[in-house]
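Single-structure report; data block below.
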Amino acid sequence: MPNTPIIDPKYSIGIDAMDAQHARWIQLIEEFRSIGSDHLLEEAGFNSAAHALEELLKYTKTHFASEEQYLASHHYPDLEAHKLRHRELEAVVAKLLDETHEHKVKGAPLKLNLFVTIWLLEHIMGEDNQYARFILGKP
Ligand SMILES: [Fe+2]
Ligand SMILES: [Fe+2]
């Protein structure tokens, strides 16, 4: 395990177990974001973007599954809607990964959709914060 990241307080939802997973997730989001912040023309650039996305997708699935289990154990009333949102976000990351591979094959410059990373971060600050308020009993 590399260094264990600490959650940026602005992303903390106040539940340690989920904050720890979010910290790792954000680290992978940032890694992808830094690689994808330019148009990539070199094969090496595509390879590292694809690799970073693969890691991000893998951990996204791990985190979402774990969070869904956690929410089920707390009888979170909006679990079904939250799961649906997770499936949408997974699909967006998977699509971006496909596109990355596709562009690499065609040799075209890749305009990475960095909005994806913003949506992932917004999910923490929005929907994840909502369940945290429910579980922590805060208004
Ligand atoms: Fe989450
Ligand atoms: Fe979530």
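Order determines the names: the first chain of the structure tokens is A, the second B, and so forth; residues in each chain are numbered 1 upward, and ligands are numbered 1 upward as they are shown.
Restricting the atom set to only C-alpha atoms and all ligand atoms, one finds that the residues within 10 Å of ligand 1 amount to Ile13, Met18, Asp19, Gln21, His22, Ala23, Trp25, Thr60, His63, Phe64, Ala65, Ser66, Glu67, Glu68, His82, His86, Leu120, Leu121, His123, Ile124, Met125, Gly126, Glu127, Asp128, Asn129 and Tyr131 of chain A.
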So that I have them on file, write out the residues from the current selection with N, CA and C atoms, as a short mmCIF file (atom, residue, chain, number, x, y, z; two decimals), in the first residue's frame.
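What ended up in again33.cif:
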data_model
loop_
_atom_site.label_atom_id
_atom_site.label_comp_id
_atom_site.auth_asym_id
_atom_site.auth_seq_id
_atom_site.Cartn_x
_atom_site.Cartn_y
_atom_site.Cartn_z
N ILE A 13 -17.28 13.81 5.13
CA ILE A 13 -18.72 13.71 5.43
C ILE A 13 -18.94 13.35 6.90
N MET A 18 -16.01 5.91 5.63
CA MET A 18 -16.27 6.40 4.27
C MET A 18 -15.27 7.50 3.90
N ASP A 19 -14.91 8.34 4.85
CA ASP A 19 -13.90 9.37 4.58
C ASP A 19 -12.59 8.73 4.11
N GLN A 21 -12.17 5.88 2.57
CA GLN A 21 -12.31 5.40 1.19
C GLN A 21 -12.35 6.57 0.21
N HIS A 22 -13.05 7.63 0.61
CA HIS A 22 -13.11 8.81 -0.27
C HIS A 22 -11.72 9.41 -0.48
N ALA A 23 -10.90 9.38 0.55
CA ALA A 23 -9.54 9.95 0.43
C ALA A 23 -8.75 9.19 -0.64
N TRP A 25 -10.06 7.40 -3.05
CA TRP A 25 -10.76 7.63 -4.32
C TRP A 25 -10.35 8.98 -4.92
N THR A 60 -13.54 2.78 -7.92
CA THR A 60 -14.90 3.33 -7.89
C THR A 60 -15.89 2.21 -7.56
N HIS A 63 -15.43 1.01 -3.92
CA HIS A 63 -15.98 1.97 -2.96
C HIS A 63 -17.51 1.96 -2.98
N PHE A 64 -18.10 1.99 -4.18
CA PHE A 64 -19.56 2.04 -4.27
C PHE A 64 -20.18 0.79 -3.63
N ALA A 65 -19.61 -0.37 -3.88
CA ALA A 65 -20.15 -1.61 -3.31
C ALA A 65 -20.08 -1.54 -1.78
N SER A 66 -18.96 -1.07 -1.28
CA SER A 66 -18.77 -0.98 0.16
C SER A 66 -19.74 0.03 0.78
N GLU A 67 -19.90 1.16 0.11
CA GLU A 67 -20.80 2.21 0.61
C GLU A 67 -22.25 1.73 0.60
N GLU A 68 -22.63 1.01 -0.45
CA GLU A 68 -24.00 0.50 -0.54
C GLU A 68 -24.30 -0.48 0.59
N HIS A 82 -29.65 6.12 -4.53
CA HIS A 82 -28.20 6.29 -4.41
C HIS A 82 -27.47 5.24 -5.27
N HIS A 86 -24.87 5.67 -8.40
CA HIS A 86 -23.57 4.99 -8.49
C HIS A 86 -23.41 4.29 -9.84
N LEU A 120 -17.68 13.20 -9.98
CA LEU A 120 -17.37 12.27 -8.90
C LEU A 120 -17.22 13.03 -7.59
N LEU A 121 -16.52 14.16 -7.65
CA LEU A 121 -16.32 14.94 -6.42
C LEU A 121 -17.64 15.55 -5.94
N HIS A 123 -20.48 14.21 -6.23
CA HIS A 123 -21.26 13.14 -5.62
C HIS A 123 -20.96 13.06 -4.11
N ILE A 124 -19.70 13.17 -3.77
CA ILE A 124 -19.32 13.14 -2.36
C ILE A 124 -19.95 14.31 -1.61
N MET A 125 -19.82 15.48 -2.21
CA MET A 125 -20.28 16.68 -1.51
C MET A 125 -21.80 16.80 -1.48
N GLY A 126 -22.46 16.16 -2.42
CA GLY A 126 -23.92 16.24 -2.48
C GLY A 126 -24.59 15.02 -1.87
N GLU A 127 -24.70 13.96 -2.68
CA GLU A 127 -25.48 12.79 -2.27
C GLU A 127 -24.87 12.04 -1.08
N ASP A 128 -23.54 11.95 -1.05
CA ASP A 128 -22.92 11.25 0.09
C ASP A 128 -23.11 12.04 1.38
N ASN A 129 -23.04 13.34 1.26
CA ASN A 129 -23.28 14.18 2.44
C ASN A 129 -24.70 14.01 2.98
N TYR A 131 -26.60 11.23 2.91
CA TYR A 131 -26.75 10.04 3.74
C TYR A 131 -26.04 10.21 5.07
#
Practice problem: Excluding Leu28 of chain A and residues on its chain fewer than 5 positions from it, collect all residues at most 12 Å away from it, counting only C-alpha atoms, and give them as a ChimeraX atom specification. | Solution: /A:5,21-23,33-35,49,51-60,117,120-121
Residue subset to file, keeping N, CA and C atoms, as a short mmCIF file (atom, residue, chain, number, x, y, z; two decimals), in the first residue's frame:
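selection_14.cif, written as the output of this step:
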data_model
loop_
_atom_site.label_atom_id
_atom_site.label_comp_id
_atom_site.auth_asym_id
_atom_site.auth_seq_id
_atom_site.Cartn_x
_atom_site.Cartn_y
_atom_site.Cartn_z
N PRO A 5 -3.76 8.15 2.15
CA PRO A 5 -4.11 9.56 2.09
C PRO A 5 -5.05 9.98 3.21
N GLN A 21 -12.17 5.88 2.57
CA GLN A 21 -12.31 5.40 1.19
C GLN A 21 -12.35 6.57 0.21
N HIS A 22 -13.05 7.63 0.61
CA HIS A 22 -13.11 8.81 -0.27
C HIS A 22 -11.72 9.41 -0.48
N ALA A 23 -10.90 9.38 0.55
CA ALA A 23 -9.54 9.95 0.43
C ALA A 23 -8.75 9.19 -0.64
N ARG A 33 -6.74 13.14 -13.22
CA ARG A 33 -6.92 14.51 -13.65
C ARG A 33 -5.60 15.15 -14.07
N SER A 34 -4.55 14.86 -13.34
CA SER A 34 -3.27 15.48 -13.69
C SER A 34 -2.72 14.91 -15.00
N ILE A 35 -2.97 13.64 -15.25
CA ILE A 35 -2.52 13.05 -16.52
C ILE A 35 -3.38 13.55 -17.68
N ALA A 49 -3.01 7.55 -19.25
CA ALA A 49 -4.38 7.97 -18.96
C ALA A 49 -5.29 6.75 -18.81
N HIS A 51 -4.40 3.74 -18.00
CA HIS A 51 -4.04 3.02 -16.78
C HIS A 51 -4.64 3.70 -15.55
N ALA A 52 -4.53 5.03 -15.50
CA ALA A 52 -5.08 5.77 -14.36
C ALA A 52 -6.61 5.59 -14.30
N LEU A 53 -7.25 5.57 -15.46
CA LEU A 53 -8.70 5.38 -15.50
C LEU A 53 -9.10 3.97 -15.07
N GLU A 54 -8.31 2.99 -15.48
CA GLU A 54 -8.60 1.62 -15.07
C GLU A 54 -8.55 1.50 -13.55
N GLU A 55 -7.51 2.09 -12.96
CA GLU A 55 -7.38 2.07 -11.50
C GLU A 55 -8.56 2.79 -10.84
N LEU A 56 -8.92 3.93 -11.44
CA LEU A 56 -10.03 4.72 -10.90
C LEU A 56 -11.34 3.94 -10.99
N LEU A 57 -11.58 3.29 -12.12
CA LEU A 57 -12.81 2.52 -12.29
C LEU A 57 -12.87 1.36 -11.30
N LYS A 58 -11.75 0.69 -11.13
CA LYS A 58 -11.69 -0.44 -10.20
C LYS A 58 -12.04 0.02 -8.78
N TYR A 59 -11.40 1.10 -8.37
CA TYR A 59 -11.65 1.56 -6.99
C TYR A 59 -13.04 2.16 -6.84
N THR A 60 -13.54 2.78 -7.92
CA THR A 60 -14.90 3.33 -7.89
C THR A 60 -15.89 2.21 -7.56
N THR A 117 -14.44 13.92 -13.54
CA THR A 117 -13.82 13.99 -12.21
C THR A 117 -14.61 14.97 -11.32
N LEU A 120 -17.68 13.20 -9.98
CA LEU A 120 -17.37 12.27 -8.90
C LEU A 120 -17.22 13.03 -7.59
N LEU A 121 -16.52 14.16 -7.65
CA LEU A 121 -16.32 14.94 -6.42
C LEU A 121 -17.64 15.55 -5.94
#
Practice problem: Please indicate the distance in Å from atom CA of Asn47 of chain A to atom CA of Thr100 of chain A, rounded to one decimal place. | Solution: 8.7 Å
Exercise. If you run DSSP over the backbone, which residues in chain A end up helix (DSSP H, G or I)? Put them as a ChimeraX atom specification.
Key: /A:9-11,16-36,43-73,79-106,115-135
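Atom to atom, atom CA of Gly137 of chain A and atom CA of Pro9 of chain A stand 19.7 Å apart.
With only C-alpha atoms and all ligand atoms as the atoms that count, the minimum distance from ligand 2 to the choices A:Lys95, A:His75, A:His101, A:Arg85 is reached by A:Arg85.
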